[in-house]
Amino acid sequence: MRKAILTSAFAIAILISITSCKNATEEKNKALNMHYGNTEVSLLTAANGQLAFLINKDRQVVLDTSLLGLKVDGKQLGKNATLSLLEQKEVALEYPLNGIKSKASYTGDLYIYEVSEADGSDWKLEFQLSDEGVAYRYVVSGEGTQHVQGEESSFKLPKETKVWYFERDSEWKLKSHAGEWLSADISEMPTVSKMGPIQGLTLTCELPQGGYALLAEAGLFNYSGMRLEAIGNNSFKANFEEGDAGFDVKGGLTTPWRCVLLADTLNDLANNTMVASLNPAPDANLFADTDWIKPGKSVWHWWSGKYVNYKEEHDMVDDAQSLGFAYSMVDEGWERWPNKWESVTKLCDYAKEKGVGIFVWKHSKEINFPENDYAVMGHFLDSVKQTGAVGVKVDFMNGQSKSIISFDEALLKKAAERQLMVNFHGCQQSSGEYRTYPNEVTREGIRGLEVNHMKEGPLPASHNAALPFTRYVTGHGDYTPLGLTEPGETTWAHQLATLVTFYSPFNCIAENTQFLLKTKSVQPALDFIKTVPSVWDETFVLPQSKIGELAAIARRKNKDWYLGILRSGAAQEMQIDCSFLGDGEYLAEIFTDDTEAERINLEGLNKEANLRQWNTAVPFKKSTETVSKEKSITLHLAEHGGATIKFTKK
């Protein structure tokens with residue numbers, strides 16, 4: 001293939017836009033262009049001599065001139081460099097998913113460039129374009145240890161872009177990514193947070209011309225997790241936990257993909273699988289058999305009792321069986337049981353008889369020792385496996401430095417070798433790791449329902465209505481849904497709807513199991529709670545949806561459909577167009593806000609609750625009707641309310 005070359009001779013005095021008009025200096029402002037559908041990416045040299053790129057979609061600027069490059073071993077790569085296109089090839093993937101759909105189909109074009117530095121050294125710059133977005137990464141060959149001191153990678157958005165970011169007024173914001181989703185104009189981002197200008201991924205951007213861009217990373221292995229620093233001029237720049245000290249990478253250096261997901265609609269955004277698709281396929285030997293990776297719902301004692309004893313966990317197994325749940329999550333406290341390993345083994349034996357699998361909790365600091373290939377971790381996982389448990393919940397990584405990312409992958413790999421599933425808590429957001437390691441069945445990196453128990457809670461309805469279009473776009477989240485005894489400002493129907501609008505292959509249900517099983521006002525929804533799936537075959541976002549205000553999401557499992565609606569704001573009437581259904585008739589079980597009923601008194605229902613002023617809640621009511629795809633349903637949503645509909649194929 002004939003090489004297209006961009007040299008430092010083409011450096012321009014000012015940052016240029018792809019829409020620059022033709023003029024006498026056009027030849028000096030040449031850019032290397034990549035196209036896919038209606039998306040165009042241009043590579044160019046910025047005024048300071050640094051490589052840069054910009055993105056246009058439908059001839060509108062999505063990303064203005066943004067810098068490329070990184071600093072390795074004290075050398076600034078990508079400055080006054082020559083760029084040559086080495087290869088262009090098609091990418092076509094199809095693989096199973098446990099999440100928003102049963103199968104992902106992804107196609108795109110991969111461009112591989114050689115970047116030649118002035119001193120004669122070279123490295124690779126890779127771009128991948130698809131209908132789902134644009135991504136790039138740096139590949140620097142080498143032996144021994146390479147020291148990364150940062151990246152020039154930046155993202156300049158159009159003015160008047162609305163940015164959705166997560167906020168928490170403490171250092172935990174960037175340790176656990178468990179912040180409340182808020183929005184601000186791009187111009188406000190350097191000063192909008194009391195915690196400073198650094199934001200964690202992801203960032204969802206509502207573009208002024210319409211449509212969405214979501215900033216993320218994919219394939220986060222053997223590197224430090226990227227944050228983004230708002231540096232003014234509508235721009236973000238790559239930032240890393242290690243700061244100026246940098247971090248070491250052994251051998252060849254391949255960064256994660258820096259992603260700009262693109263979507264015209266919220267349905268396109270929620271169905272975007274680019275992040276997962278940019279991760280490596282699972283190791284064929286390590287995952288030759290995946291029958292042991294089983295999605296399902298789990299009971300969890302923490303919401304109603306926090307620290308656990310053996311008898312309580314024994315009872316939880318019985319409740320899991322009564323609810324038809326696949327798992328019981330044994331959280332912090334089991335290691336203080338007398339003869340802990342014998343006790344857990346006995347519990348697992350009992351649970352197996354009941355058809356229930358056991359997950360056990362562990363603090364990361366007690367197994368995060370890299371020596372001898374994480375031997376301490378391996379011994380712990382061996383002990384877990386010997387008890388008969390099926391998975392581990394590892395907590396409090398509290399960051400995304402290179403060392404923590406290495407710990408995460410070591411845990412996933414070693415757990416897979418022992419056929420154990422993994423639930424990460426106290427961690428960063430998903431970067432699609434679950435494709436490479438399908439035994440990662442959920443992770444936190446989300447502000448979940450546990451906050452309702454905390455001083456800084458409860459969660460506002462707007463946070464819930466934003467989640468499907470922000471955090472959940474890049475992967476599953478352990479929100480631990482369903483909090484009827486402490487719903488904050490939301491309604492019971494809103495809480496039911498989180499079982500559909502949020503997804504997690506290992507779906508850990510918060511609410512007290514005995515409350516669910518024995519409370520009269522819950523019984524009309526009990527069958528729905530028992531049977532709602534944790535993974536889906538298809539997802540469709542209704543067009544009325546709006547980030548932070550209304551999330552209306554339909555999901556299909558086999559022939560049946562489920563619809564979840566989360567409302568933030570004043571009461572409203574909503575028309576549901578049922579055209580997403582298949583042919584034929586469906587029985588619709590409808591759970592909506594019962595605004596005419598007496599409010600539920602929440603006092604005394606949960607000993608762990610901190611009800612504040614929200615000591616009552618709007619209950620739900622159930623109705624049924626026969627519908628088809630030609631019909632519509634009228635719903636009345638309460639303030640901060642919701643609705644859930646189960647459509648059973650007749």
# chains A, B, ... in the order shown; residues from 1 in each chain; ligands from 1

call {"tool": "select_by_dssp", "arguments": {"residues": "region 123-289 of chain A", "states": "helix (DSSP H, G or I)", "output": "PyMOL selection string"}}
result
chain A and resi 172-176+186-188+243-245+266-270+274-277

call {"tool": "write_last_selection", "arguments": {"atoms": "N, CA and C atoms", "output": "mmCIF file, in the first residue's frame"}}
result
data_model
loop_
_atom_site.group_PDB
_atom_site.id
_atom_site.type_symbol
_atom_site.label_atom_id
_atom_site.label_comp_id
_atom_site.auth_asym_id
_atom_site.auth_seq_id
_atom_site.Cartn_x
_atom_site.Cartn_y
_atom_site.Cartn_z
ATOM 1 N N TRP A 172 -13.212 9.858 48.074
ATOM 2 C CA TRP A 172 -13.725 8.591 47.554
ATOM 3 C C TRP A 172 -14.218 8.729 46.119
ATOM 4 N N LYS A 173 -14.440 9.958 45.679
ATOM 5 C CA LYS A 173 -14.939 10.160 44.324
ATOM 6 C C LYS A 173 -14.094 9.412 43.296
ATOM 7 N N LEU A 174 -12.781 9.598 43.352
ATOM 8 C CA LEU A 174 -11.891 8.989 42.368
ATOM 9 C C LEU A 174 -11.299 7.667 42.849
ATOM 10 N N LYS A 175 -11.621 7.279 44.077
ATOM 11 C CA LYS A 175 -11.176 5.973 44.555
ATOM 12 C C LYS A 175 -12.138 4.871 44.128
ATOM 13 N N SER A 176 -13.428 5.159 44.230
ATOM 14 C CA SER A 176 -14.429 4.130 43.974
ATOM 15 C C SER A 176 -15.377 4.452 42.835
ATOM 16 N N ILE A 186 -19.789 22.402 29.295
ATOM 17 C CA ILE A 186 -18.366 22.090 29.148
ATOM 18 C C ILE A 186 -17.481 23.216 29.670
ATOM 19 N N SER A 187 -17.920 24.455 29.552
ATOM 20 C CA SER A 187 -17.106 25.588 30.005
ATOM 21 C C SER A 187 -16.932 25.609 31.511
ATOM 22 N N GLU A 188 -17.829 24.946 32.246
ATOM 23 C CA GLU A 188 -17.785 24.946 33.709
ATOM 24 C C GLU A 188 -16.924 23.828 34.288
ATOM 25 N N GLY A 243 0.446 10.501 38.869
ATOM 26 C CA GLY A 243 0.923 11.867 38.698
ATOM 27 C C GLY A 243 2.260 11.934 37.998
ATOM 28 N N ASP A 244 3.079 12.902 38.402
ATOM 29 C CA ASP A 244 4.385 13.110 37.765
ATOM 30 C C ASP A 244 5.335 11.940 37.967
ATOM 31 N N ALA A 245 5.108 11.138 39.002
ATOM 32 C CA ALA A 245 5.998 10.008 39.274
ATOM 33 C C ALA A 245 5.926 8.959 38.175
ATOM 34 N N LEU A 266 -30.429 7.848 22.287
ATOM 35 C CA LEU A 266 -30.114 7.142 23.528
ATOM 36 C C LEU A 266 -30.225 5.632 23.345
ATOM 37 N N ASN A 267 -31.057 5.178 22.429
ATOM 38 C CA ASN A 267 -31.108 3.752 22.131
ATOM 39 C C ASN A 267 -29.777 3.285 21.550
ATOM 40 N N ASP A 268 -29.217 4.063 20.636
ATOM 41 C CA ASP A 268 -27.901 3.730 20.079
ATOM 42 C C ASP A 268 -26.834 3.738 21.162
ATOM 43 N N LEU A 269 -26.910 4.706 22.062
ATOM 44 C CA LEU A 269 -25.904 4.821 23.113
ATOM 45 C C LEU A 269 -25.972 3.636 24.068
ATOM 46 N N ALA A 270 -27.180 3.294 24.517
ATOM 47 C CA ALA A 270 -27.329 2.198 25.480
ATOM 48 C C ALA A 270 -26.957 0.854 24.873
ATOM 49 N N MET A 274 -18.874 -0.938 21.682
ATOM 50 C CA MET A 274 -17.511 -0.709 21.209
ATOM 51 C C MET A 274 -16.478 -0.985 22.304
ATOM 52 N N VAL A 275 -16.763 -0.583 23.530
ATOM 53 C CA VAL A 275 -15.793 -0.775 24.606
ATOM 54 C C VAL A 275 -15.506 -2.255 24.817
ATOM 55 N N ALA A 276 -16.535 -3.069 24.893
ATOM 56 C CA ALA A 276 -16.315 -4.508 25.051
ATOM 57 C C ALA A 276 -15.601 -5.082 23.834
ATOM 58 N N SER A 277 -15.972 -4.618 22.643
ATOM 59 C CA SER A 277 -15.409 -5.165 21.408
ATOM 60 C C SER A 277 -13.931 -4.852 21.246
#

call {"tool": "closest_atom_pairs", "arguments": {"of": "region 156-248 of chain A", "to": "region 37-55 of chain A", "cutoff": "12 Å", "atoms": "only C-alpha atoms", "output": "Markdown table"}}
result
| residue | atom | partner | partner_atom | distance |
| --- | --- | --- | --- | --- |
| A:Lys156 | CA | A:Leu54 | CA | 8.6 |
| A:Leu157 | CA | A:Leu54 | CA | 9.8 |
| A:Pro158 | CA | A:Ile55 | CA | 10.9 |
| A:Ala213 | CA | A:Ile55 | CA | 10.8 |

call {"tool": "residues_around", "arguments": {"residues": "Glu538 (chain A)", "least_positions_apart": "2", "cutoff": "10 Å", "atoms": "only C-alpha atoms", "output": "ChimeraX atom specification"}}
result
/A:99-103,271,535-536,540,554-558,561

call {"tool": "write_last_selection", "arguments": {"atoms": "N, CA, C and O atoms", "output": "JSON list (two decimals), in the first residue's frame"}}
result
[["chain", "number", "residue", "atom", "x", "y", "z"],
["A", 99, "GLY", "N", -25.47, -9.48, 29.33],
["A", 99, "GLY", "CA", -25.79, -8.10, 29.69],
["A", 99, "GLY", "C", -26.97, -7.59, 28.93],
["A", 99, "GLY", "O", -28.07, -8.13, 29.01],
["A", 100, "ILE", "N", -26.75, -6.53, 28.12],
["A", 100, "ILE", "CA", -27.85, -5.85, 27.44],
["A", 100, "ILE", "C", -28.39, -6.63, 26.26],
["A", 100, "ILE", "O", -29.50, -6.38, 25.78],
["A", 101, "LYS", "N", -27.60, -7.55, 25.73],
["A", 101, "LYS", "CA", -28.03, -8.37, 24.60],
["A", 101, "LYS", "C", -27.27, -9.68, 24.67],
["A", 101, "LYS", "O", -26.22, -9.79, 25.33],
["A", 102, "SER", "N", -27.79, -10.70, 23.99],
["A", 102, "SER", "CA", -27.17, -12.02, 24.08],
["A", 102, "SER", "C", -25.96, -12.14, 23.17],
["A", 102, "SER", "O", -25.11, -13.00, 23.39],
["A", 103, "LYS", "N", -25.89, -11.28, 22.14],
["A", 103, "LYS", "CA", -24.79, -11.38, 21.19],
["A", 103, "LYS", "C", -24.43, -9.99, 20.68],
["A", 103, "LYS", "O", -25.31, -9.19, 20.35],
["A", 271, "ASN", "N", -27.04, 0.72, 23.54],
["A", 271, "ASN", "CA", -26.70, -0.53, 22.87],
["A", 271, "ASN", "C", -25.28, -0.56, 22.34],
["A", 271, "ASN", "O", -24.89, -1.53, 21.67],
["A", 535, "VAL", "N", -29.84, -11.06, 32.85],
["A", 535, "VAL", "CA", -29.23, -10.75, 31.55],
["A", 535, "VAL", "C", -30.31, -10.83, 30.49],
["A", 535, "VAL", "O", -31.36, -11.44, 30.70],
["A", 536, "TRP", "N", -30.03, -10.21, 29.33],
["A", 536, "TRP", "CA", -31.08, -9.99, 28.35],
["A", 536, "TRP", "C", -30.63, -10.38, 26.95],
["A", 536, "TRP", "O", -29.44, -10.45, 26.66],
["A", 540, "PHE", "N", -34.10, -2.08, 24.13],
["A", 540, "PHE", "CA", -34.63, -0.97, 23.34],
["A", 540, "PHE", "C", -34.97, 0.18, 24.27],
["A", 540, "PHE", "O", -35.71, 0.01, 25.24],
["A", 554, "ALA", "N", -36.92, -1.01, 27.50],
["A", 554, "ALA", "CA", -37.54, -2.32, 27.29],
["A", 554, "ALA", "C", -36.44, -3.34, 27.02],
["A", 554, "ALA", "O", -35.51, -3.07, 26.26],
["A", 555, "ARG", "N", -36.57, -4.49, 27.65],
["A", 555, "ARG", "CA", -35.58, -5.56, 27.45],
["A", 555, "ARG", "C", -36.32, -6.88, 27.21],
["A", 555, "ARG", "O", -37.32, -7.16, 27.86],
["A", 556, "ARG", "N", -35.76, -7.66, 26.31],
["A", 556, "ARG", "CA", -36.37, -8.95, 25.97],
["A", 556, "ARG", "C", -35.54, -10.11, 26.49],
["A", 556, "ARG", "O", -34.31, -10.09, 26.42],
["A", 557, "LYS", "N", -36.23, -11.12, 27.00],
["A", 557, "LYS", "CA", -35.61, -12.39, 27.34],
["A", 557, "LYS", "C", -36.48, -13.49, 26.74],
["A", 557, "LYS", "O", -37.66, -13.62, 27.11],
["A", 558, "ASN", "N", -35.92, -14.24, 25.80],
["A", 558, "ASN", "CA", -36.67, -15.22, 25.03],
["A", 558, "ASN", "C", -37.83, -14.52, 24.33],
["A", 558, "ASN", "O", -37.60, -13.55, 23.63],
["A", 561, "TRP", "N", -41.04, -9.69, 27.12],
["A", 561, "TRP", "CA", -40.44, -8.37, 27.24],
["A", 561, "TRP", "C", -40.71, -7.80, 28.64],
["A", 561, "TRP", "O", -41.74, -8.10, 29.26]]

call {"tool": "residues_around", "arguments": {"residues": "Pro524 (chain A)", "least_positions_apart": "6", "cutoff": "9 Å", "atoms": "only C-alpha atoms", "output": "ChimeraX atom specification"}}
result
/A:591,621-622

call {"tool": "select_by_dssp", "arguments": {"residues": "region 387-442 of chain A", "states": "strand (DSSP E or B)", "output": "list in words"}}
result
Gly391, Val392, Lys393, Val394, Asp395, Met421, Val422, Asn423, Phe424, Glu440, Val441 and Thr442 of chain A

call {"tool": "residues_around", "arguments": {"residues": "region 311-322 of chain A", "least_positions_apart": "3", "cutoff": "12 Å", "atoms": "only C-alpha atoms", "output": "count of residues only"}}
result
56

call {"tool": "closest_residue", "arguments": {"among": "A:Tyr479, A:Phe287, A:Tyr374, A:Phe396", "to": "Ser504 (chain A)", "atoms": "only C-alpha atoms"}}
result
A:Tyr479

call {"tool": "atom_distance", "arguments": {"atom1": "CA of Glu366 (chain A)", "atom2": "CA of Cys427 (chain A)"}}
result
15.8 Å

call {"tool": "residues_around", "arguments": {"residues": "Gly641 (chain A)", "least_positions_apart": "2", "cutoff": "12 Å", "atoms": "only C-alpha atoms", "output": "number ranges by chain"}}
result
A: 460-462, 464-465, 487-498, 549-552, 564-574, 591-595, 617-620, 635-639, 643-644

call {"tool": "closest_residue", "arguments": {"among": "A:Ile600, A:Ala416, A:Leu611, A:Ile576", "to": "Val522 (chain A)", "atoms": "only C-alpha atoms"}}
result
A:Ile600

call {"tool": "closest_atom_pairs", "arguments": {"of": "region 403-517 of chain A", "to": "region 191-212 of chain A", "cutoff": "9 Å", "atoms": "only C-alpha atoms", "output": "tab-separated table"}}
result
residue	atom	partner	partner_atom	distance
A:Gln428	CA	A:Gly200	CA	8.2
A:Gln429	CA	A:Leu201	CA	7.0
A:Phe469	CA	A:Thr204	CA	7.5
A:Thr470	CA	A:Thr204	CA	5.7
A:Arg471	CA	A:Thr202	CA	6.4
A:Val473	CA	A:Thr202	CA	8.7
A:Thr474	CA	A:Thr202	CA	8.1

call {"tool": "write_last_selection", "arguments": {"atoms": "C-alpha atoms", "output": "PDB file, in the first residue's frame"}}
result
ATOM      1  CA  GLN A 428     -13.219   2.021  38.917  1.00  0.00           C
ATOM      2  CA  GLN A 429     -15.853   1.756  36.182  1.00  0.00           C
ATOM      3  CA  PHE A 469     -26.906   6.449  29.643  1.00  0.00           C
ATOM      4  CA  THR A 470     -23.735   7.106  31.621  1.00  0.00           C
ATOM      5  CA  ARG A 471     -22.108   4.443  33.791  1.00  0.00           C
ATOM      6  CA  VAL A 473     -22.959   2.159  28.724  1.00  0.00           C
ATOM      7  CA  THR A 474     -19.526   0.578  29.184  1.00  0.00           C
TER       8      THR A 474
END

call {"tool": "atom_distance", "arguments": {"atom1": "CA of Asp583 (chain A)", "atom2": "CA of Asp131 (chain A)"}}
result
29.1 Å

call {"tool": "atom_distance", "arguments": {"atom1": "CA of Met397 (chain A)", "atom2": "CA of Phe424 (chain A)"}}
result
8.6 Å

call {"tool": "residues_around", "arguments": {"residues": "region 399-406 of chain A", "least_positions_apart": "4", "cutoff": "9 Å", "atoms": "only C-alpha atoms", "output": "list in words"}}
result
Trp172, Leu174, Lys175, Ser176, His177, Leu220, Phe221, Asn222, Tyr223, Ser224, Gly225, Met226, Phe240, Glu241, Glu242, Phe247, Asp248, Val249, Asn368, Pro370, Ala410, Leu411, Gly426, Cys427 and Gln428 of chain A

call {"tool": "closest_residue", "arguments": {"among": "A:Glu229, A:Ser153, A:Gly475, A:Arg443", "to": "Met189 (chain A)", "atoms": "only C-alpha atoms"}}
result
A:Glu229
